[in-house]
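Asks: My structure is in my_file-v7.txt, and what it holds is compact mmCIF, C-alpha atoms:
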# COMPACT_ATOMS: atom_id res chain seq x y z
CA MET R 1 -3.68 13.41 14.38
CA THR R 2 -0.88 15.21 16.19
CA TRP R 3 -1.80 18.11 18.45
CA TRP R 4 0.17 20.68 16.49
CA LEU R 5 -1.54 19.76 13.23
CA LEU R 6 -4.96 20.12 14.83
CA ALA R 7 -3.98 23.44 16.43
CA GLY R 8 -2.56 24.70 13.14
CA LEU R 9 -5.74 23.76 11.30
CA LEU R 10 -8.05 25.41 13.82
CA ILE R 11 -6.05 28.62 14.12
CA GLY R 12 -5.12 28.85 10.44
CA CYS R 13 -8.66 28.46 9.13
CA TYR R 14 -10.06 31.04 11.55
CA PHE R 15 -7.21 33.41 10.77
CA PHE R 16 -8.22 33.84 7.11
CA LYS R 17 -11.83 34.57 8.02
CA VAL R 18 -11.15 37.03 10.81
CA ALA R 19 -8.30 38.77 8.98
CA GLY R 20 -10.54 39.41 5.98
CA LEU R 21 -13.31 40.94 8.07
CA PHE R 22 -11.04 43.26 10.02
CA VAL R 23 -9.02 44.36 6.99
CA ALA R 24 -12.28 45.26 5.27
CA GLU R 25 -13.41 47.29 8.28
CA ASN R 26 -10.20 49.15 8.91
CA SER R 27 -9.45 50.29 5.42
CA ARG R 28 -10.98 53.52 4.20
CA LEU R 29 -12.08 52.53 0.80
CA SER R 30 -11.49 54.36 -2.41
CA PRO R 31 -14.30 53.94 -4.95
CA TRP R 32 -12.10 51.52 -6.81
CA ALA R 33 -11.45 49.36 -3.75
CA ASP R 34 -15.15 49.42 -3.00
CA ARG R 35 -15.96 48.11 -6.46
CA PHE R 36 -13.16 45.59 -6.19
CA LEU R 37 -14.64 44.17 -2.99
CA SER R 38 -18.10 43.90 -4.49
CA CYS R 39 -16.60 42.08 -7.49
CA LEU R 40 -14.50 39.75 -5.34
CA THR R 41 -17.19 37.27 -4.35
CA PRO R 42 -18.55 36.86 -7.90
CA ALA R 43 -14.98 36.25 -9.15
CA VAL R 44 -14.07 33.73 -6.43
CA LEU R 45 -17.46 32.05 -6.60
CA SER R 46 -17.27 31.48 -10.33
CA GLY R 47 -13.77 30.05 -9.87
CA LEU R 48 -15.21 27.73 -7.24
CA ILE R 49 -18.03 26.63 -9.57
CA ILE R 50 -15.48 25.76 -12.25
CA VAL R 51 -13.36 23.78 -9.78
CA GLN R 52 -16.34 21.94 -8.32
CA THR R 53 -17.60 21.08 -11.81
CA PHE R 54 -14.52 20.32 -13.90
CA ASP R 55 -11.66 19.55 -11.50
CA PHE R 56 -11.21 15.81 -11.31
CA GLY R 57 -8.14 15.46 -9.12
CA GLY R 58 -6.16 18.23 -10.75
CA GLU R 59 -7.28 17.48 -14.29
CA LEU R 60 -9.88 19.30 -16.31
CA ALA R 61 -12.48 16.68 -17.18
CA MET R 62 -16.18 16.04 -17.44
CA GLY R 63 -18.33 13.38 -15.86
CA ALA R 64 -21.71 12.66 -14.35
CA LEU R 65 -21.02 15.54 -11.97
CA THR R 66 -20.61 17.96 -14.86
CA VAL R 67 -23.86 16.81 -16.47
CA GLY R 68 -25.72 17.33 -13.20
CA VAL R 69 -24.29 20.78 -12.55
CA ALA R 70 -25.12 21.85 -16.12
CA THR R 71 -28.73 20.67 -15.73
CA GLY R 72 -29.02 22.43 -12.38
CA ALA R 73 -27.57 25.57 -13.95
CA ALA R 74 -30.17 25.34 -16.73
CA ALA R 75 -32.89 25.13 -14.10
CA ALA R 76 -31.42 28.23 -12.45
CA LEU R 77 -31.45 30.08 -15.77
CA LEU R 78 -35.14 29.21 -16.05
CA LYS R 79 -35.56 30.94 -12.67
CA ALA R 80 -36.31 27.77 -10.75
CA PRO R 81 -36.22 28.19 -6.95
CA LEU R 82 -32.98 27.16 -5.26
CA ALA R 83 -34.57 24.02 -3.82
CA VAL R 84 -35.45 22.87 -7.34
CA VAL R 85 -31.92 23.63 -8.56
CA LEU R 86 -30.48 21.50 -5.74
CA VAL R 87 -32.78 18.58 -6.49
CA VAL R 88 -32.41 18.74 -10.29
CA ALA R 89 -28.59 18.86 -10.09
CA SER R 90 -28.39 16.00 -7.58
CA ALA R 91 -30.95 13.78 -9.28
CA THR R 92 -29.42 14.22 -12.73
CA THR R 93 -25.97 13.37 -11.39
CA ALA R 94 -27.25 10.35 -9.50
CA VAL R 95 -29.09 8.99 -12.55
CA THR R 96 -26.13 9.68 -14.87
CA ARG R 97 -23.86 7.77 -12.50
CA LEU R 98 -26.01 4.68 -12.95
CA PHE R 99 -24.87 4.38 -16.55
CA MET D 100 -43.04 35.58 18.96
CA THR D 101 -43.61 31.89 19.43
CA VAL D 102 -41.36 29.30 17.89
CA SER D 103 -43.94 28.31 15.30
CA GLU D 104 -44.47 31.96 14.34
CA TRP D 105 -40.75 32.40 13.99
CA LEU D 106 -40.47 29.25 11.87
CA LYS D 107 -43.30 30.46 9.67
CA ALA D 108 -41.75 33.90 9.29
CA THR D 109 -38.47 32.32 8.31
CA TRP D 110 -39.95 29.80 5.94
CA THR D 111 -42.09 32.24 4.01
CA ARG D 112 -39.12 34.39 3.09
CA GLN D 113 -37.15 33.05 0.20
CA HIS D 114 -33.61 33.93 1.23
CA GLN D 115 -34.15 32.52 4.71
CA ARG D 116 -35.63 29.31 3.35
CA ASP D 117 -32.81 28.90 0.83
CA GLY D 118 -30.20 29.40 3.54
CA PHE D 119 -31.87 26.76 5.66
CA LEU D 120 -31.94 24.27 2.77
CA LEU D 121 -28.28 24.82 1.91
CA GLY D 122 -27.40 24.05 5.51
CA LEU D 123 -29.40 20.86 5.39
CA ALA D 124 -27.57 19.69 2.26
CA VAL D 125 -24.21 20.52 3.81
CA GLY D 126 -25.20 18.55 6.91
CA ILE D 127 -25.37 15.36 4.86
CA PHE D 128 -21.71 15.84 3.97
CA GLY D 129 -21.04 16.44 7.66
CA ILE D 130 -22.01 12.83 8.28
CA THR D 131 -19.52 11.73 5.63
CA PHE D 132 -16.84 13.85 7.25
CA GLY D 133 -17.45 12.24 10.62
CA VAL D 134 -17.29 8.74 9.15
CA LEU D 135 -14.11 9.46 7.17
CA SER D 136 -12.40 11.02 10.18
CA ILE D 137 -12.93 7.93 12.28
CA SER D 138 -11.76 5.63 9.52
CA ALA D 139 -8.66 7.82 9.10
CA GLY D 140 -7.85 7.16 12.75
CA LEU D 141 -8.90 10.45 14.31
CA ALA D 142 -10.31 10.49 17.81
CA GLU D 143 -14.00 11.40 18.03
CA TRP D 144 -13.27 14.68 19.81
CA GLN D 145 -10.78 15.66 17.12
CA ALA D 146 -13.37 15.33 14.35
CA VAL D 147 -15.88 17.30 16.40
CA ALA D 148 -13.32 20.02 17.19
CA MET D 149 -12.46 20.33 13.49
CA SER D 150 -16.10 20.87 12.50
CA LEU D 151 -16.69 23.37 15.31
CA PHE D 152 -13.53 25.42 14.95
CA MET D 153 -12.19 24.94 11.43
CA PHE D 154 -15.72 24.97 10.04
CA THR D 155 -14.77 24.91 6.39
CA GLY D 156 -15.64 21.64 4.73
CA ALA D 157 -13.18 21.48 1.86
CA SER D 158 -10.20 22.00 4.18
CA GLN D 159 -11.48 19.46 6.68
CA PHE D 160 -11.97 16.77 4.02
CA ALA D 161 -8.54 17.54 2.54
CA ALA D 162 -6.72 17.33 5.88
CA VAL D 163 -8.40 14.05 6.82
CA GLY D 164 -7.78 12.72 3.30
CA VAL D 165 -4.04 13.38 3.53
CA ILE D 166 -3.86 11.73 6.96
CA ASP D 167 -5.86 8.76 5.70
CA ALA D 168 -3.51 8.33 2.75
CA GLY D 169 -0.55 8.27 5.12
CA GLY D 170 0.71 11.72 4.12
CA ASN D 171 2.70 13.82 6.53
CA PRO D 172 1.07 16.41 8.84
CA ALA D 173 2.81 19.37 7.21
CA SER D 174 1.31 18.56 3.84
CA ALA D 175 -2.10 18.05 5.45
CA LEU D 176 -1.81 21.52 6.98
CA GLY D 177 -0.61 23.10 3.75
CA THR D 178 -3.40 21.59 1.66
CA ALA D 179 -6.07 22.55 4.18
CA LEU D 180 -4.87 26.13 4.50
CA ARG D 181 -4.67 26.62 0.73
CA LEU D 182 -8.33 25.60 0.55
CA ALA D 183 -9.23 27.85 3.49
CA ALA D 184 -7.60 30.93 1.95
CA ARG D 185 -10.64 31.74 -0.18
CA ASN D 186 -12.62 32.42 3.00
CA GLY D 187 -10.31 35.40 3.45
CA ALA D 188 -11.47 36.76 0.10
CA TYR D 189 -15.12 36.23 1.04
CA ALA D 190 -14.53 37.92 4.38
CA LEU D 191 -13.11 41.01 2.66
CA SER D 192 -16.29 41.18 0.65
CA VAL D 193 -18.69 40.31 3.47
CA GLY D 194 -16.99 42.86 5.76
CA LYS D 195 -18.81 45.55 3.81
CA ILE D 196 -22.23 44.37 4.95
CA MET D 197 -21.30 43.72 8.59
CA PRO D 198 -22.56 46.18 11.16
CA PRO D 199 -19.74 47.49 13.38
CA GLY D 200 -18.98 45.78 16.68
CA LYS D 201 -15.97 43.68 17.51
CA GLY D 202 -17.68 40.86 19.38
CA ARG D 203 -20.24 40.22 16.69
CA LYS D 204 -17.50 40.30 14.05
CA LEU D 205 -15.40 37.69 15.83
CA LEU D 206 -18.48 35.49 15.80
CA ALA D 207 -19.49 36.35 12.24
CA ALA D 208 -15.97 35.56 11.01
CA GLN D 209 -16.42 31.90 11.84
CA LEU D 210 -19.50 31.77 9.61
CA VAL D 211 -17.74 33.15 6.52
CA ILE D 212 -17.81 30.22 4.10
CA ASP D 213 -18.87 29.52 0.51
CA GLU D 214 -22.58 29.19 1.22
CA SER D 215 -23.09 32.18 3.53
CA SER D 216 -21.01 34.48 1.31
CA ALA D 217 -22.76 33.39 -1.86
CA MET D 218 -26.18 33.85 -0.28
CA ALA D 219 -25.33 37.26 1.17
CA GLN D 220 -23.92 38.58 -2.07
CA ALA D 221 -26.95 37.48 -4.07
CA GLN D 222 -29.38 39.69 -2.10
CA PRO D 223 -30.65 42.99 -3.49
CA THR D 224 -30.65 44.95 -0.21
CA LEU D 225 -28.24 45.35 2.70
CA ARG D 226 -30.81 44.11 5.18
CA GLU D 227 -31.56 40.96 3.23
CA ALA D 228 -27.84 40.39 2.69
CA GLN D 229 -27.27 40.47 6.45
CA GLU D 230 -30.22 38.18 7.12
CA ALA D 231 -29.10 35.76 4.42
CA PHE D 232 -25.56 35.71 5.80
CA TRP D 233 -26.63 34.88 9.35
CA THR D 234 -29.39 32.43 8.45
CA THR D 235 -27.21 30.54 5.99
CA GLY D 236 -24.10 30.63 8.16
CA LEU D 237 -25.92 29.44 11.27
CA SER D 238 -27.90 26.81 9.38
CA VAL D 239 -24.75 25.37 7.80
CA PHE D 240 -22.96 25.54 11.15
CA VAL D 241 -25.70 23.67 13.02
CA PHE D 242 -26.24 20.98 10.38
CA TRP D 243 -22.54 20.50 9.60
CA ASN D 244 -21.78 19.91 13.26
CA LEU D 245 -24.87 17.80 13.78
CA GLY D 246 -23.86 15.72 10.76
CA THR D 247 -20.33 15.34 12.08
CA LEU D 248 -21.66 14.12 15.42
CA ILE D 249 -23.90 11.59 13.71
CA GLY D 250 -21.05 10.38 11.50
CA VAL D 251 -18.71 10.05 14.47
CA LEU D 252 -21.13 8.41 16.87
CA VAL D 253 -23.54 6.49 14.65
CA GLY D 254 -21.81 6.10 11.30
CA GLY D 255 -23.03 6.60 7.75
CA ILE D 256 -26.79 6.41 8.13
CA ILE D 257 -27.72 7.61 4.66
CA GLY D 258 -24.92 6.13 2.62
CA ASP D 259 -22.57 7.93 0.27
CA PRO D 260 -23.89 11.40 -0.71
CA MET D 261 -22.09 10.95 -4.05
CA VAL D 262 -24.57 8.20 -4.92
CA TRP D 263 -27.31 10.79 -4.42
CA GLY D 264 -25.40 13.19 -6.65
CA LEU D 265 -25.25 15.74 -3.86
CA ASP D 266 -21.79 16.87 -4.91
CA ALA D 267 -23.44 18.52 -7.92
CA ALA D 268 -25.92 20.41 -5.76
CA PHE D 269 -23.43 23.00 -4.51
CA PRO D 270 -21.85 24.24 -7.76
CA ALA D 271 -25.35 24.40 -9.26
CA ALA D 272 -26.60 26.38 -6.27
CA PHE D 273 -23.62 28.72 -6.45
CA PHE D 274 -24.36 29.27 -10.12
CA ALA D 275 -27.95 30.17 -9.23
CA LEU D 276 -26.63 32.62 -6.62
CA LEU D 277 -24.17 34.11 -9.10
CA LEU D 278 -26.83 34.84 -11.71
CA PRO D 279 -28.22 38.02 -10.11
CA HIS D 280 -24.72 39.51 -10.40
CA LEU D 281 -24.35 38.96 -14.07
CA ASN D 282 -26.53 41.90 -15.07
CA LYS D 283 -23.87 44.29 -13.78
CA ARG D 284 -21.06 44.82 -16.21
CA GLU D 285 -18.13 44.83 -13.78
CA LYS D 286 -19.39 41.84 -11.84
CA ARG D 287 -20.11 39.90 -15.01
CA ARG D 288 -16.61 40.61 -16.23
CA SER D 289 -15.09 39.61 -12.86
CA ALA D 290 -17.02 36.34 -12.87
CA PHE D 291 -16.01 35.42 -16.40
CA ILE D 292 -12.35 36.23 -15.84
CA GLY D 293 -12.41 34.39 -12.50
CA ALA D 294 -13.81 31.32 -14.23
CA ALA D 295 -11.17 31.52 -16.97
CA ILE D 296 -8.35 31.84 -14.42
CA ALA D 297 -9.62 28.78 -12.56
CA MET D 298 -9.83 26.77 -15.80
CA VAL D 299 -6.21 27.55 -16.66
CA ALA D 300 -5.00 27.02 -13.09
CA ILE D 301 -6.63 23.66 -12.33
CA PRO D 302 -4.12 21.48 -14.20
CA VAL D 303 -1.05 23.42 -13.12
CA LEU D 304 -1.62 24.56 -9.54
CA PRO D 305 -2.24 22.56 -6.36
CA SER D 306 -5.82 22.36 -5.06
CA GLY D 307 -7.16 25.49 -3.43
CA LEU D 308 -5.06 27.97 -5.36
CA PRO D 309 -7.20 28.07 -8.55
CA VAL D 310 -10.14 29.40 -6.53
CA VAL D 311 -8.06 32.02 -4.70
CA LEU D 312 -6.43 33.10 -7.94
CA ALA D 313 -9.87 33.49 -9.52
CA GLY D 314 -10.25 36.46 -7.17
CA PHE D 315 -7.95 38.38 -9.47
CA GLY D 316 -10.85 38.45 -11.90
CA ALA D 317 -12.19 41.17 -9.62
CA VAL D 318 -9.08 43.30 -10.15
CA VAL D 319 -9.68 43.34 -13.88
CA GLY D 320 -13.44 43.66 -13.52
CA ALA D 321 -13.26 46.64 -11.17
CA ARG D 322 -10.53 48.28 -13.22
CA ALA D 323 -12.47 48.08 -16.45
CA ARG D 324 -15.18 50.29 -14.99
CA THR D 325 -12.70 52.87 -13.71
CA LYS D 326 -11.16 53.18 -17.13
CA ARG D 327 -14.49 53.72 -18.80
CA GLN D 328 -15.46 56.37 -16.28
CA GLY D 329 -12.16 58.10 -16.85
CA GLN D 330 -12.97 58.44 -20.52
CA ASN D 331 -16.32 60.07 -19.85
Output the file's structure as structure tokens, nothing else.
Replies:
Amino acid sequence: MTWWLLAGLLIGCYFFKVAGLFVAENSRLSPWADRFLSCLTPAVLSGLIIVQTFDFGGELAMGALTVGVATGAAAALLKAPLAVVLVVASATTAVTRLF
Amino acid sequence: MTVSEWLKATWTRQHQRDGFLLGLAVGIFGITFGVLSISAGLAEWQAVAMSLFMFTGASQFAAVGVIDAGGNPASALGTALRLAARNGAYALSVGKIMPPGKGRKLLAAQLVIDESSAMAQAQPTLREAQEAFWTTGLSVFVFWNLGTLIGVLVGGIIGDPMVWGLDAAFPAAFFALLLPHLNKREKRRSAFIGAAIAMVAIPVLPSGLPVVLAGFGAVVGARARTKRQGQN
């Protein structure tokens, strides 16, 4: 790995994190912006869930992974503790992959 | 407070325990990252530096993947940064719960990732949100780096985490952490629109961008409430 790639990766990744924190601090927030920020994580997180569940190399698809996530999500809906959700999702995926 | 008292105090509180567990699960992927880095031809110190200073798993895997496939460095950088961009969105959101202080913020910034942000946002009070952020962030940081070290120095000691189905653990956990939000109208709307945007974007946009774009769900979600209030 060339030095400039490594440097770019280290600096670039930190940049996003630190920029976000300081922008949030230094802006005096209107009520709308305040609501927007509190909605931002739910919006991004649900996008991430979709990607991690249905994105198979740039194609929308389903597989053992999808089955496992759905089962884990069902456990979450039944108010299972997070540890149980983790185990149920993993175990279901692992077993489904056997077939 | 002795160490065992501290451990007990941490373990008996749900958000602390959950943060610890998430870190442990991430650590297993850290081992995989270390192993992949070496097989992609990275020096040991490079893999370790990536986990310490990039500290965002998706970008690290993507960069190493491009290198391993013989892709050029510019495309490795581009792919990794697209995936890292969502941390900027989390940071905007997490910034609200951070106490002031520049030094602490520079440190906290490094810990802004999927797991810590999701855990912080799921908490009902400011205090618990802060605790969840730090516990989760530090736990993931320690285990991710520990895992990387093991992968680099020892190799894959527990096999492929995919065989264990661990790749399903994170989206399921994030779903569990999203649930407390869904009872609030504007957050529910933001989450649904974010999910829809990601669905549409996955086949057409390069990796990383669907998640960032999902953030626009918050624009619509927050706006909907304003409109309704205006009518009152």
Asks: Measure the distance from CA of Ile130 in chain D to CA of Ala173 in chain D in Å and round it to one decimal.
Replies: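 The value is 25.7 Å.
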Asks: For range 194-208 of chain D, list every protein, DNA or RNA residue within 7 Å, evaluated using all atoms listed in the file, and leave out those in the same chain fewer than 5 positions away; present the list as a ChimeraX atom specification.
Replies: /R:17-18,21,24-25 /D:225,229
Asks: Quick one: of D:Val134, D:Leu252, D:Val241, D:Ala142, who's nearest to chain R, counting all atoms listed in the file?
Replies: D:Ala142
Asks: Which residue gives the smallest distance to chain R among D:Leu191, D:Ile249, D:Ala124, D:Val165, with all atoms listed in the file counted?
Replies: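 Smallest separation from chain R among the options: D:Leu191.
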Asks: Skip Trp4 in chain R itself and residues of its chain fewer than 6 positions away, then list as a count of residues only all residues within 12 Å of it, counting only C-alpha atoms.
Replies: 7
Asks: Need to verify the contact set: Gly68 in chain R, 6 Å, only C-alpha atoms, exclusion of same-chain residues closer than 2 positions in sequence. Can you return it as a ChimeraX atom specification?
Replies: /R:65-66,70-71,89,92-93 /D:267
Asks: Between D:Gly236, D:Gly164, D:Gly122, D:Gly140, which one has atoms that come closest to chain R, using only C-alpha atoms?
Replies: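 The answer is D:Gly140, which sits nearest to chain R.
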Asks: Please report the interatomic distance between CA of Gln209 in chain D and CA of Phe54 in chain R in Å with one decimal.
Replies: 28.3 Å
Asks: Figure out the distance between CA of Val310 in chain D and CA of Asp266 in chain D, please, to one decimal in Å.
Replies: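 Computing the Euclidean distance for CA of Asp266 in chain D and CA of Val310 in chain D yields 17.2 Å.
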Asks: Can you work out which one of D:Leu135, D:Ala300, D:Met153, D:Ala231 has the shortest atom-to-atom distance to chain R, counting all atoms listed in the file?
Replies: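 Answer, going by the shortest atom-to-atom distance: D:Met153.
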Asks: Go through R:Ala64, R:Ala74, R:Leu86, R:Ala80 and flag the residue nearest chain D, using all atoms listed in the file for the distances.
Replies: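 Result for the nearest residue to chain D: R:Leu86.
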Asks: Considering all atoms listed in the file, can you say which of D:Met149, D:Leu245, D:Phe240, D:Ala271 comes closest to Val67 in chain R?
Replies: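 Closest to Val67 in chain R of all the choices is D:Ala271.
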Asks: Residues at most 10 Å from Pro81 in chain R, counting all atoms listed in the file, excluding those fewer than 6 positions away in the same chain, as number ranges by chain?
Replies: R: 75; D: 113, 117, 272, 275
Asks: May I have the residues at most 7 Å from (-26.7, 32.3, -0.6) in the file's coordinates, counting only C-alpha atoms, as a list of chain:residue names?
Replies: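 Within the cut-off we find D:Gly118, D:Glu214, D:Ser215, D:Ser216, D:Ala217, D:Met218, D:Ala219, D:Ala221, D:Ala231, D:Thr235, D:Leu276.
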